[in-house]
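**Student:** Following this line is model_8.tsv, made up of TSV, C-alpha atoms and all ligand atoms:
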chain	number	residue	atom	x	y	z
I	1	MET	CA	-56.05	25.62	-52.33
I	2	LYS	CA	-59.49	25.30	-50.77
I	3	ILE	CA	-59.99	22.27	-48.50
I	4	ASN	CA	-63.14	20.44	-49.60
I	5	ASN	CA	-62.60	17.24	-47.71
I	6	ILE	CA	-60.34	15.83	-45.00
I	7	GLU	CA	-60.34	12.22	-43.80
I	8	LEU	CA	-58.14	10.15	-41.49
I	9	PHE	CA	-57.59	6.39	-41.66
I	10	GLU	CA	-55.86	3.76	-39.59
I	11	THR	CA	-53.50	1.66	-41.81
I	12	ILE	CA	-50.32	-0.42	-41.33
I	13	ILE	CA	-46.62	-0.18	-42.19
I	14	SER	CA	-44.32	-2.94	-43.50
I	15	ARG	CA	-43.58	-4.14	-39.92
I	16	THR	CA	-47.38	-4.57	-39.56
I	17	SER	CA	-47.75	-2.02	-36.77
I	18	LYS	CA	-50.30	0.77	-37.15
I	19	THR	CA	-49.85	4.06	-38.94
I	20	VAL	CA	-52.00	6.95	-40.14
I	21	ALA	CA	-53.15	7.72	-43.67
I	22	ALA	CA	-54.78	11.05	-44.45
I	23	GLU	CA	-56.86	12.23	-47.39
I	24	VAL	CA	-57.07	15.84	-48.53
I	25	ASN	CA	-59.32	16.65	-51.49
I	26	GLY	CA	-59.19	13.05	-52.70
I	27	GLU	CA	-55.39	12.60	-52.47
I	28	ILE	CA	-54.00	10.16	-49.90
I	29	ALA	CA	-50.63	10.08	-48.09
I	30	PHE	CA	-49.28	7.77	-45.37
I	31	SER	CA	-46.99	8.35	-42.43
I	32	PRO	CA	-43.96	6.01	-42.34
I	33	SER	CA	-42.39	4.91	-39.05
I	34	GLY	CA	-38.78	4.59	-37.84
I	35	ALA	CA	-37.17	1.96	-35.58
I	36	SER	CA	-33.92	3.79	-34.89
I	37	ALA	CA	-35.56	7.18	-34.45
I	38	GLY	CA	-33.50	10.05	-33.00
I	39	THR	CA	-34.64	11.67	-29.76
I	40	HIS	CA	-34.89	15.08	-31.44
I	41	GLU	CA	-37.52	13.94	-33.97
I	42	ALA	CA	-41.15	15.11	-34.08
I	43	SER	CA	-43.61	12.78	-32.32
I	44	SER	CA	-44.74	9.76	-34.26
I	45	PHE	CA	-47.67	7.67	-33.01
I	46	VAL	CA	-51.24	6.76	-33.95
I	47	PRO	CA	-53.61	8.71	-31.68
I	48	GLU	CA	-56.39	6.73	-30.02
I	49	ASN	CA	-59.16	9.24	-30.72
I	50	MET	CA	-58.87	9.34	-34.52
I	51	GLU	CA	-62.62	9.76	-35.09
I	52	ASP	CA	-62.85	12.76	-32.76
I	53	LEU	CA	-59.72	14.22	-34.30
I	54	GLU	CA	-61.12	13.81	-37.78
I	55	SER	CA	-64.35	15.60	-36.95
I	56	GLU	CA	-62.56	18.46	-35.16
I	57	LEU	CA	-60.12	18.89	-38.05
I	58	LYS	CA	-62.99	18.83	-40.55
I	59	ASP	CA	-64.73	21.63	-38.61
I	60	LYS	CA	-61.55	23.66	-38.43
I	61	LEU	CA	-60.12	23.22	-41.92
I	62	GLU	CA	-62.81	22.29	-44.44
I	63	GLY	CA	-64.08	25.19	-46.52
I	64	GLU	CA	-60.92	27.25	-45.81
I	65	GLU	CA	-58.23	28.37	-48.28
I	66	PHE	CA	-54.61	27.51	-47.46
I	67	ASN	CA	-51.17	27.40	-48.98
I	68	GLN	CA	-48.80	24.67	-47.71
I	69	GLU	CA	-47.17	26.88	-45.10
I	70	ASP	CA	-50.48	28.15	-43.66
I	71	PHE	CA	-51.89	24.64	-43.64
I	72	ASP	CA	-48.85	23.28	-41.76
I	73	THR	CA	-49.06	26.20	-39.30
I	74	ALA	CA	-52.78	25.50	-38.73
I	75	LEU	CA	-51.91	21.85	-37.97
I	76	LYS	CA	-49.31	22.89	-35.42
I	77	GLU	CA	-51.68	25.41	-33.84
I	78	TYR	CA	-54.35	22.76	-33.54
I	79	ASP	CA	-51.81	20.38	-32.00
I	80	GLY	CA	-50.45	22.99	-29.58
I	81	SER	CA	-46.78	22.03	-30.13
I	82	GLU	CA	-44.07	22.34	-32.79
I	83	THR	CA	-43.49	18.59	-32.68
I	84	PHE	CA	-47.03	17.14	-32.92
I	85	ASP	CA	-47.02	15.86	-29.36
I	86	SER	CA	-50.85	15.60	-29.35
I	87	ILE	CA	-51.73	14.34	-32.84
I	88	GLY	CA	-48.51	12.40	-33.63
I	89	SER	CA	-48.36	10.92	-37.13
I	90	VAL	CA	-51.64	12.62	-38.15
I	91	GLY	CA	-49.54	15.79	-38.62
I	92	ILE	CA	-47.19	14.50	-41.32
I	93	ALA	CA	-49.92	12.41	-43.00
I	94	LEU	CA	-52.11	15.50	-43.43
I	95	SER	CA	-49.23	17.72	-44.48
I	96	LEU	CA	-48.14	15.20	-47.15
I	97	ALA	CA	-51.74	14.70	-48.34
I	98	PHE	CA	-52.18	18.48	-48.70
I	99	LYS	CA	-48.98	18.59	-50.76
I	100	MET	CA	-50.15	15.67	-52.89
I	101	ALA	CA	-53.46	17.48	-53.54
I	102	SER	CA	-51.76	20.76	-54.45
I	103	GLY	CA	-49.30	18.95	-56.74
I	104	TYR	CA	-45.55	18.38	-57.05
I	105	GLU	CA	-43.45	19.99	-59.75
I	106	LYS	CA	-41.51	17.54	-61.90
I	107	ASN	CA	-38.01	18.62	-62.84
I	108	ASN	CA	-35.89	16.45	-65.11
I	109	VAL	CA	-32.99	15.85	-62.69
I	110	PHE	CA	-33.15	12.40	-61.09
I	111	PRO	CA	-31.60	11.19	-57.83
I	112	TYR	CA	-29.19	8.28	-57.55
I	113	PRO	CA	-30.85	5.43	-55.63
I	114	LEU	CA	-28.88	4.54	-52.48
I	115	GLY	CA	-29.79	0.95	-51.64
I	116	ASN	CA	-29.55	-0.97	-48.38
I	117	ALA	CA	-27.97	-4.28	-49.49
I	118	ILE	CA	-27.02	-5.91	-46.17
I	119	GLY	CA	-28.43	-4.93	-42.81
I	120	GLY	CA	-28.24	-5.31	-39.07
I	121	GLY	CA	-28.66	-3.33	-35.86
I	122	GLU	CA	-32.19	-2.27	-34.95
I	123	HIS	CA	-33.53	-3.42	-38.31
I	124	GLY	CA	-32.51	-7.02	-37.66
I	125	GLY	CA	-29.32	-8.85	-38.71
I	126	ASN	CA	-25.96	-10.05	-37.49
I	127	THR	CA	-23.98	-6.82	-37.77
I	128	ALA	CA	-23.82	-3.96	-35.26
I	129	ILE	CA	-23.78	-1.45	-38.13
I	130	GLN	CA	-27.34	-0.86	-39.33
I	131	GLU	CA	-26.98	-0.50	-43.12
I	132	PHE	CA	-24.40	-1.52	-45.74
I	133	LEU	CA	-25.37	0.61	-48.73
I	134	ILE	CA	-24.62	0.73	-52.44
I	135	LEU	CA	-24.67	3.74	-54.78
I	136	PRO	CA	-24.47	3.09	-58.55
I	137	VAL	CA	-22.42	6.20	-59.30
I	138	GLU	CA	-21.57	5.21	-62.87
I	139	ALA	CA	-25.18	4.75	-64.00
I	140	GLU	CA	-26.25	7.09	-66.77
I	141	THR	CA	-30.00	6.65	-66.37
I	142	PHE	CA	-32.29	6.06	-63.40
I	143	LEU	CA	-33.30	2.70	-64.89
I	144	GLU	CA	-29.70	1.62	-65.18
I	145	ALA	CA	-29.05	2.76	-61.61
I	146	VAL	CA	-31.90	0.61	-60.26
I	147	GLU	CA	-30.72	-2.32	-62.38
I	148	ILE	CA	-27.18	-2.12	-60.98
I	149	ASN	CA	-28.46	-2.14	-57.39
I	150	SER	CA	-30.75	-5.09	-58.18
I	151	LYS	CA	-27.89	-7.01	-59.82
I	152	ILE	CA	-25.57	-6.48	-56.86
I	153	TYR	CA	-28.33	-7.60	-54.48
I	154	ARG	CA	-28.94	-10.80	-56.48
I	155	GLU	CA	-25.22	-11.41	-56.93
I	156	LEU	CA	-24.75	-11.27	-53.15
I	157	GLN	CA	-27.60	-13.78	-52.76
I	158	ASP	CA	-26.02	-16.15	-55.29
I	159	ARG	CA	-22.39	-15.83	-54.31
I	160	TYR	CA	-22.86	-15.97	-50.55
I	161	ALA	CA	-25.95	-18.20	-50.44
I	162	SER	CA	-24.60	-20.29	-47.55
I	163	LYS	CA	-24.08	-17.16	-45.43
I	164	ILE	CA	-27.49	-15.56	-46.08
I	165	MET	CA	-30.32	-16.10	-43.64
I	166	GLY	CA	-33.07	-13.86	-45.01
I	167	MET	CA	-34.19	-10.24	-45.18
I	168	ASN	CA	-34.66	-7.61	-42.49
I	169	ASP	CA	-37.09	-4.74	-41.89
I	170	GLU	CA	-35.76	-2.79	-44.87
I	171	GLY	CA	-35.55	-5.72	-47.27
I	172	ALA	CA	-31.76	-5.80	-46.76
I	173	LEU	CA	-30.03	-9.19	-46.62
I	174	VAL	CA	-29.39	-10.69	-43.20
I	175	THR	CA	-26.21	-12.76	-43.20
I	176	ARG	CA	-23.98	-14.73	-40.83
I	177	MET	CA	-21.10	-12.30	-41.50
I	178	ASP	CA	-19.82	-9.75	-38.99
I	179	ASP	CA	-19.31	-6.08	-39.84
I	180	GLU	CA	-15.80	-6.33	-41.31
I	181	GLU	CA	-16.50	-9.42	-43.38
I	182	THR	CA	-19.65	-7.75	-44.73
I	183	LEU	CA	-17.66	-4.69	-45.77
I	184	GLU	CA	-15.06	-6.83	-47.46
I	185	LYS	CA	-17.56	-8.89	-49.46
I	186	LEU	CA	-19.79	-5.98	-50.39
I	187	HIS	CA	-16.83	-3.87	-51.50
I	188	LYS	CA	-15.71	-6.66	-53.81
I	189	VAL	CA	-19.10	-7.20	-55.46
I	190	ALA	CA	-19.99	-3.48	-55.69
I	191	ASN	CA	-16.63	-2.81	-57.39
I	192	GLU	CA	-17.43	-5.33	-60.10
I	193	TYR	CA	-20.56	-3.33	-60.95
I	194	GLY	CA	-18.99	0.12	-60.72
I	195	ALA	CA	-20.89	1.03	-57.55
I	196	ARG	CA	-19.48	2.71	-54.43
I	197	ILE	CA	-20.43	1.64	-50.95
I	198	GLY	CA	-21.64	3.45	-47.87
I	199	LEU	CA	-22.73	2.82	-44.31
I	200	ASP	CA	-25.48	3.98	-42.02
I	201	MET	CA	-23.70	3.33	-38.73
I	202	ALA	CA	-26.75	4.56	-36.74
I	203	ALA	CA	-24.19	5.07	-33.95
I	204	ASN	CA	-26.83	6.15	-31.43
I	205	GLU	CA	-27.74	2.50	-31.22
I	206	LEU	CA	-24.08	1.46	-30.65
I	207	TRP	CA	-23.45	4.14	-28.00
I	208	ASN	CA	-23.82	3.05	-24.37
I	209	GLY	CA	-23.07	6.48	-22.92
I	210	GLU	CA	-19.30	5.90	-22.88
I	211	LYS	CA	-18.36	3.63	-25.76
I	212	TYR	CA	-19.48	2.42	-29.17
I	213	VAL	CA	-20.16	-1.30	-28.77
I	214	TYR	CA	-19.80	-3.86	-31.61
I	215	PRO	CA	-20.78	-7.17	-29.95
I	216	GLU	CA	-20.12	-9.42	-32.99
I	217	MET	CA	-16.55	-8.19	-33.29
I	218	GLY	CA	-15.94	-7.96	-29.53
I	219	MET	CA	-15.11	-4.27	-29.90
I	220	GLU	CA	-15.85	-1.37	-27.53
I	221	LEU	CA	-14.53	1.94	-28.82
I	222	SER	CA	-14.14	5.31	-27.11
I	223	PRO	CA	-15.23	8.27	-29.30
I	224	LYS	CA	-11.57	8.82	-30.23
I	225	GLU	CA	-11.16	5.17	-31.21
I	226	GLN	CA	-14.45	5.29	-33.11
I	227	LEU	CA	-13.07	8.22	-35.14
I	228	LYS	CA	-9.95	6.21	-35.99
I	229	PHE	CA	-12.01	3.11	-36.83
I	230	VAL	CA	-14.30	5.05	-39.19
I	231	GLN	CA	-11.33	6.74	-40.88
I	232	LYS	CA	-9.70	3.33	-41.33
I	233	ILE	CA	-12.75	1.73	-42.98
I	234	ILE	CA	-13.31	4.78	-45.20
I	235	ASP	CA	-9.79	4.30	-46.60
I	236	GLU	CA	-9.82	0.54	-46.70
I	237	TYR	CA	-13.16	0.12	-48.46
I	238	ASP	CA	-13.20	3.40	-50.38
I	239	LEU	CA	-16.46	4.44	-48.71
I	240	TYR	CA	-18.42	7.16	-50.48
I	241	TYR	CA	-20.97	7.73	-47.74
I	242	VAL	CA	-21.00	7.44	-43.94
I	243	GLU	CA	-24.23	8.24	-42.06
I	244	ASP	CA	-24.40	8.84	-38.29
I	245	PRO	CA	-20.86	7.69	-37.40
I	246	PHE	CA	-21.28	9.23	-33.90
I	247	HIS	CA	-24.20	9.64	-31.53
I	248	GLU	CA	-26.90	12.26	-32.08
I	249	ASP	CA	-25.38	15.03	-29.92
I	250	ASP	CA	-21.73	14.70	-30.88
I	251	TYR	CA	-21.29	17.62	-33.29
I	252	SER	CA	-17.59	17.78	-32.50
I	253	ASN	CA	-16.49	14.32	-33.69
I	254	HIS	CA	-18.73	14.66	-36.75
I	255	LYS	CA	-16.71	17.77	-37.53
I	256	LYS	CA	-13.35	16.05	-36.99
I	257	LEU	CA	-14.31	13.28	-39.40
I	258	THR	CA	-15.70	15.71	-42.00
I	259	VAL	CA	-12.54	17.81	-42.23
I	260	GLU	CA	-10.30	14.80	-42.63
I	261	THR	CA	-12.15	12.88	-45.33
I	262	ASP	CA	-13.42	13.51	-48.82
I	263	CYS	CA	-16.57	11.43	-48.76
I	264	LEU	CA	-20.11	12.26	-47.71
I	265	ILE	CA	-20.48	12.46	-43.92
I	266	VAL	CA	-24.20	12.41	-43.40
I	267	GLY	CA	-26.26	13.54	-40.39
I	268	ASP	CA	-29.51	11.68	-39.79
I	269	ASP	CA	-30.20	11.43	-36.04
I	270	LEU	CA	-27.81	14.39	-35.66
I	271	PHE	CA	-29.98	16.81	-37.71
I	272	VAL	CA	-33.41	15.05	-37.81
I	273	THR	CA	-34.36	17.19	-40.88
I	274	ASN	CA	-34.49	20.17	-38.51
I	275	GLU	CA	-33.25	23.49	-39.89
I	276	LYS	CA	-32.03	24.68	-36.47
I	277	ARG	CA	-29.98	21.54	-35.86
I	278	LEU	CA	-28.59	21.77	-39.39
I	279	GLU	CA	-27.62	25.42	-38.79
I	280	ARG	CA	-25.66	24.37	-35.72
I	281	GLY	CA	-23.92	21.73	-37.84
I	282	VAL	CA	-23.07	24.33	-40.49
I	283	GLU	CA	-21.62	26.69	-37.85
I	284	GLN	CA	-19.45	23.94	-36.40
I	285	GLY	CA	-18.51	22.28	-39.72
I	286	SER	CA	-20.16	18.98	-38.73
I	287	CYS	CA	-20.96	16.76	-41.78
I	288	ASN	CA	-21.32	17.81	-45.41
I	289	SER	CA	-24.59	16.02	-46.09
I	290	LEU	CA	-27.88	15.23	-44.36
I	291	ILE	CA	-30.76	12.80	-44.41
I	292	VAL	CA	-34.17	14.28	-45.20
I	293	LYS	CA	-37.13	12.43	-43.69
I	294	PRO	CA	-40.38	14.42	-43.71
I	295	ASN	CA	-41.77	12.72	-40.60
I	296	GLN	CA	-38.69	13.65	-38.55
I	297	VAL	CA	-39.67	17.32	-38.72
I	298	GLY	CA	-43.41	16.74	-39.10
I	299	THR	CA	-44.38	18.96	-42.07
I	300	VAL	CA	-43.63	19.48	-45.75
I	301	THR	CA	-42.85	23.14	-45.02
I	302	GLY	CA	-40.26	22.17	-42.39
I	303	THR	CA	-38.79	19.56	-44.72
I	304	TYR	CA	-38.39	22.03	-47.60
I	305	GLU	CA	-36.93	24.76	-45.37
I	306	THR	CA	-34.24	22.29	-44.32
I	307	VAL	CA	-33.60	21.17	-47.92
I	308	GLU	CA	-33.25	24.80	-49.05
I	309	LYS	CA	-30.89	25.59	-46.20
I	310	ALA	CA	-28.83	22.52	-47.12
I	311	PHE	CA	-28.45	23.62	-50.75
I	312	GLU	CA	-27.58	27.15	-49.62
I	313	LYS	CA	-24.83	25.85	-47.32
I	314	ASP	CA	-23.53	23.21	-49.73
I	315	TYR	CA	-24.73	20.23	-47.70
I	316	LEU	CA	-25.91	17.40	-49.94
I	317	PRO	CA	-29.49	16.37	-49.09
I	318	VAL	CA	-30.40	12.66	-49.22
I	319	VAL	CA	-34.16	12.13	-49.12
I	320	SER	CA	-34.98	8.92	-47.29
I	321	HIS	CA	-37.57	6.28	-46.47
I	322	ARG	CA	-38.04	4.96	-42.90
I	323	SER	CA	-37.60	1.33	-41.94
I	324	GLY	CA	-41.37	1.02	-41.46
I	325	GLU	CA	-42.83	1.87	-44.88
I	326	THR	CA	-45.95	1.90	-47.05
I	327	CYS	CA	-46.40	2.33	-50.82
I	328	ASP	CA	-46.48	6.11	-50.40
I	329	THR	CA	-44.35	7.87	-53.05
I	330	SER	CA	-44.07	11.35	-51.51
I	331	ILE	CA	-40.28	11.16	-51.14
I	332	SER	CA	-39.84	10.26	-54.83
I	333	ARG	CA	-41.94	13.26	-55.80
I	334	MET	CA	-39.93	15.49	-53.44
I	335	ALA	CA	-36.69	14.27	-55.04
I	336	LEU	CA	-37.91	15.41	-58.46
I	337	GLU	CA	-39.44	18.67	-57.26
I	338	LYS	CA	-36.37	19.80	-55.29
I	339	GLU	CA	-33.73	18.08	-57.47
I	340	ILE	CA	-32.41	16.12	-54.49
I	341	PRO	CA	-29.32	14.21	-55.74
I	342	ILE	CA	-29.71	10.96	-53.74
I	343	ILE	CA	-32.76	8.97	-52.60
I	344	LYS	CA	-32.33	6.28	-49.93
I	345	ALA	CA	-35.23	3.95	-50.58
I	346	GLY	CA	-33.99	0.37	-50.30
I	347	ILE	CA	-33.59	-2.19	-53.06
I	348	ALA	CA	-36.31	-4.77	-52.54
I	349	ASP	CA	-39.69	-5.27	-50.81
I	350	ILE	CA	-42.34	-2.55	-50.45
I	351	ARG	CA	-39.67	0.12	-51.01
I	352	ILE	CA	-39.74	-0.54	-54.76
I	353	SER	CA	-42.92	1.61	-54.93
I	354	LYS	CA	-40.64	4.65	-54.54
I	355	LEU	CA	-38.18	3.40	-57.17
I	356	ASN	CA	-40.99	2.43	-59.54
I	357	LYS	CA	-42.47	5.93	-59.31
I	358	LEU	CA	-39.15	7.39	-60.47
I	359	MET	CA	-38.67	4.71	-63.15
I	360	LEU	CA	-42.10	5.58	-64.56
I	361	GLU	CA	-41.37	9.31	-64.50
I	362	TRP	CA	-38.01	8.78	-66.24
I	363	GLN	CA	-39.69	6.85	-69.06
I	364	LYS	CA	-42.56	9.32	-69.32
I	365	MET	CA	-40.10	12.21	-69.68
I	366	GLU	CA	-38.13	10.34	-72.32
I	367	LYS	CA	-41.29	9.68	-74.30
I	368	SER	CA	-42.32	13.32	-74.14
I	369	GLY	CA	-38.85	14.58	-75.11
I	370	LYS	CA	-38.16	16.22	-71.72
I	371	ASP	CA	-34.59	14.84	-71.60
I	372	PRO	CA	-34.30	13.39	-68.07
I	373	LYS	CA	-30.80	13.28	-66.58
I	374	MET	CA	-29.05	12.07	-63.45
I	375	ALA	CA	-28.01	14.53	-60.72
I	376	GLU	CA	-24.37	15.53	-60.34
I	377	LEU	CA	-22.57	13.93	-57.41
I	378	PRO	CA	-19.53	15.40	-55.65
I	379	TYR	CA	-16.30	13.62	-54.57
I	380	LEU	CA	-16.13	11.20	-57.52
Y	1	LIG	P1	-35.35	4.17	-39.08
Y	1	LIG	O1	-33.88	4.03	-39.64
Y	1	LIG	O2	-36.28	4.51	-40.15
Y	1	LIG	O3	-35.58	2.80	-38.49
Y	1	LIG	O4	-35.29	5.21	-37.99
Y	1	LIG	C1	-33.46	4.47	-40.87
Y	1	LIG	C2	-32.20	5.23	-40.75
Y	1	LIG	O5	-31.61	5.33	-39.64
Y	1	LIG	O6	-31.76	5.82	-41.72
Y	2	ZN	ZN	-29.94	6.65	-40.48
Do you think you could lay out the structure here as structure tokens?

**Tutor:**
Amino acid sequence: MKINNIELFETIISRTSKTVAAEVNGEIAFSPSGASAGTHEASSFVPENMEDLESELKDKLEGEEFNQEDFDTALKEYDGSETFDSIGSVGIALSLAFKMASGYEKNNVFPYPLGNAIGGGEHGGNTAIQEFLILPVEAETFLEAVEINSKIYRELQDRYASKIMGMNDEGALVTRMDDEETLEKLHKVANEYGARIGLDMAANELWNGEKYVYPEMGMELSPKEQLKFVQKIIDEYDLYYVEDPFHEDDYSNHKKLTVETDCLIVGDDLFVTNEKRLERGVEQGSCNSLIVKPNQVGTVTGTYETVEKAFEKDYLPVVSHRSGETCDTSISRMALEKEIPIIKAGIADIRISKLNKLMLEWQKMEKSGKDPKMAELPYL
């Protein structure tokens, strides 16, 4: 594709802090922003000299022909690093805008929406664990799947009204309950709707260098005790999904948990959508699933290389929003293009833009006789 026009804009995310939007040939994409970012992620910041950057990038790129890979390479060359240490979030915004301008393929396999129902940790809330998630595994259509998540969310609001204080950064409910009580209540409600539950433990944020600390429950666990605790709650609450149960450099305990359970053990801060880190996980047998966040690796090319490696090695990819979001729908489009079986995109607030995109596509396909269907999930 020939680049006719490139523009950069300063915009905001759902937490109201600044982010970058980029336009390529009339198509716009936004960079999201994380709060519990892993240390191995690509750089993410809004550069101060956006006007100078824009004019230099225009000079360098406009009028030239690129495919996605060459474009992403040119961005990295301009930056001078693999991790966008100079241009920060401009890198992913431009890469996503280029992809948007060149077009996404639409396959007819839809992801299951993994929704953050109750939250805590760095995103705000009373629990040490960051996300208490629901997955509507029995849904037969994407619309039904979204409806089940919405019903569970509203049911929690009704049934536990006196314990609910509001919403956090990801639109998840903030309650007065501690981690165990939350698991108990969510398990009960999710069961009634045929959904399974999961956790993003975001254990980096619990780890103090020696122990995993759960202040609300007065618990401080060694890595060995953490392993036992996670195994116990997997059994007790029939968890389908556990993300980042150990800190971002502990490949070994991730492996121990993976071999002893038959649910998804998911690396987010562990892999940071980075093919090299995933390869190390594959070699060691750490996890059987991974989070895919384009801005963790910085480019669409890097994101897709990691997704392809995951499919090749039988790791289930879960494409995901960040806690700081915009109405950008790139991850929904990626889910359809790459047939990614799960999308983590919240239940309420600004995150519905990603769900709505998929709801629209489902209905469009039905109308045009393209026979949309839900992805196949393992371990059910
Ligand atoms: P973040 O967290 O976007 O705040 O980094 C989301 C997650 O850990 O999955
Ligand atoms: Zn996570």

**Student:** Can you work out the spacing between CA of Val242 in chain I and CA of Ile197 in chain I in Å, to one decimal?

**Tutor:**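 CA of Ile197 in chain I lies at a distance of 9.1 Å from CA of Val242 in chain I.
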
**Student:** Could you check which of I:Ile233, I:Ala35, I:Ile347, I:Val213 is closest to ligand ZN 2 (chain Y), using all atoms listed in the file?

**Tutor:**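 Closest residue, counting all atoms listed in the file: I:Ala35.
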
**Student:** Dump the neighbourhood of ligand LIG 1 (chain Y) as a ChimeraX atom specification: all residues within 6 Å, distances computed on all atoms listed in the file.

**Tutor:** /I:34-37,202,322-323

**Student:** 10 Å from ligand ZN 2 (chain Y) is the threshold here; counting all atoms listed in the file, which polymer residues fall inside it? Answer as a CSV table (one decimal) with C-alpha atoms, in the coordinates of the input.

**Tutor:**
chain,number,residue,atom,x,y,z
I,34,GLY,CA,-38.8,4.6,-37.8
I,35,ALA,CA,-37.2,2.0,-35.6
I,36,SER,CA,-33.9,3.8,-34.9
I,37,ALA,CA,-35.6,7.2,-34.4
I,38,GLY,CA,-33.5,10.0,-33.0
I,130,GLN,CA,-27.3,-0.9,-39.3
I,131,GLU,CA,-27.0,-0.5,-43.1
I,199,LEU,CA,-22.7,2.8,-44.3
I,200,ASP,CA,-25.5,4.0,-42.0
I,201,MET,CA,-23.7,3.3,-38.7
I,202,ALA,CA,-26.8,4.6,-36.7
I,203,ALA,CA,-24.2,5.1,-34.0
I,204,ASN,CA,-26.8,6.2,-31.4
I,242,VAL,CA,-21.0,7.4,-43.9
I,243,GLU,CA,-24.2,8.2,-42.1
I,244,ASP,CA,-24.4,8.8,-38.3
I,245,PRO,CA,-20.9,7.7,-37.4
I,266,VAL,CA,-24.2,12.4,-43.4
I,267,GLY,CA,-26.3,13.5,-40.4
I,268,ASP,CA,-29.5,11.7,-39.8
I,269,ASP,CA,-30.2,11.4,-36.0
I,270,LEU,CA,-27.8,14.4,-35.7
I,272,VAL,CA,-33.4,15.0,-37.8
I,290,LEU,CA,-27.9,15.2,-44.4
I,291,ILE,CA,-30.8,12.8,-44.4
I,292,VAL,CA,-34.2,14.3,-45.2
I,293,LYS,CA,-37.1,12.4,-43.7
I,320,SER,CA,-35.0,8.9,-47.3
I,321,HIS,CA,-37.6,6.3,-46.5
I,322,ARG,CA,-38.0,5.0,-42.9
I,323,SER,CA,-37.6,1.3,-41.9
I,344,LYS,CA,-32.3,6.3,-49.9

**Student:** Which is closest to Thr329 in chain I among I:Ala97, I:Ile118, I:Met50, I:Ile129, if we use all atoms listed in the file?

**Tutor:** I:Ala97

**Student:** Taking 5 positions as the minimum chain separation for residues in the same chain, which residues sit within 10 Å of Met334 in chain I when counting only C-alpha atoms? Answer as a list of chain:residue names.

**Tutor:**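 Result of the neighbour search: I:Lys99, I:Tyr104, I:Glu105, I:Lys106, I:Pro294, I:Val300, I:Thr303, I:Tyr304, I:Val319, I:Thr329, I:Glu339, I:Ile340, I:Ile343.
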
**Student:** Which one is closest to Glu170 in chain I: I:Ser102, I:Asn116, I:Ser86, I:Ser17? Count all atoms listed in the file.

**Tutor:** I:Asn116

**Student:** Nearest to Glu376 in chain I: which of I:Ile352, I:Lys18, I:Phe110, I:Asn67 is it, counting all atoms listed in the file?

**Tutor:** I:Phe110

**Student:** Mind giving me the straight-line distance from CA of Lys354 in chain I to CA of Lys309 in chain I in Å, one decimal?

**Tutor:** 24.6 Å

**Student:** Between I:Asn108, I:His40, I:Glu312, I:Met177, which has the minimum distance to Gly369 in chain I (counting only C-alpha atoms)?

**Tutor:**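 Looking at the shortest contact to Gly369 in chain I, the residue is I:Asn108.
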
**Student:** Expressed in Å to a single decimal, how great is the separation between CA of Ser332 in chain I and CA of Glu279 in chain I?

**Tutor:**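 Straight-line distance from CA of Ser332 in chain I to CA of Glu279 in chain I works out to 25.2 Å.
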
**Student:** So, with only C-alpha atoms as the atoms that count, which of I:Ser252, I:Thr19, I:Ser31, I:Asn25 lies closest to Lys58 in chain I?

**Tutor:**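 Between I:Ser252, I:Thr19, I:Ser31, I:Asn25, the residue approaching Lys58 in chain I most closely is I:Asn25.
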
**Student:** Show me, as an NGL selection string, the residues that have an atom within 9 Å of range 132-139 of chain I when counting all atoms listed in the file, minus same-chain residues fewer than 5 positions from it.

**Tutor:** :I and (112-120 or 144-146 or 148-149 or 152 or 172 or 182-183 or 186 or 190 or 193-201 or 240-241 or 342 or 346 or 374 or 377 or 380)

**Student:** Suppose we keep C-alpha atoms; can you now write the selection as a tab-separated table (two decimals), in the frame of the given file?

**Tutor:**
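File produced: result14.tsv:
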chain	number	residue	atom	x	y	z
I	112	TYR	CA	-29.19	8.28	-57.55
I	113	PRO	CA	-30.85	5.43	-55.63
I	114	LEU	CA	-28.88	4.54	-52.48
I	115	GLY	CA	-29.79	0.95	-51.64
I	116	ASN	CA	-29.55	-0.97	-48.38
I	117	ALA	CA	-27.97	-4.28	-49.49
I	118	ILE	CA	-27.02	-5.91	-46.17
I	119	GLY	CA	-28.43	-4.93	-42.81
I	120	GLY	CA	-28.24	-5.31	-39.07
I	144	GLU	CA	-29.70	1.62	-65.18
I	145	ALA	CA	-29.05	2.76	-61.61
I	146	VAL	CA	-31.90	0.61	-60.26
I	148	ILE	CA	-27.18	-2.12	-60.98
I	149	ASN	CA	-28.46	-2.14	-57.39
I	152	ILE	CA	-25.57	-6.48	-56.86
I	172	ALA	CA	-31.76	-5.80	-46.76
I	182	THR	CA	-19.65	-7.75	-44.73
I	183	LEU	CA	-17.66	-4.69	-45.77
I	186	LEU	CA	-19.79	-5.98	-50.39
I	190	ALA	CA	-19.99	-3.48	-55.69
I	193	TYR	CA	-20.56	-3.33	-60.95
I	194	GLY	CA	-18.99	0.12	-60.72
I	195	ALA	CA	-20.89	1.03	-57.55
I	196	ARG	CA	-19.48	2.71	-54.43
I	197	ILE	CA	-20.43	1.64	-50.95
I	198	GLY	CA	-21.64	3.45	-47.87
I	199	LEU	CA	-22.73	2.82	-44.31
I	200	ASP	CA	-25.48	3.98	-42.02
I	201	MET	CA	-23.70	3.33	-38.73
I	240	TYR	CA	-18.42	7.16	-50.48
I	241	TYR	CA	-20.97	7.73	-47.74
I	342	ILE	CA	-29.71	10.96	-53.74
I	346	GLY	CA	-33.99	0.37	-50.30
I	374	MET	CA	-29.05	12.07	-63.45
I	377	LEU	CA	-22.57	13.93	-57.41
I	380	LEU	CA	-16.13	11.20	-57.52
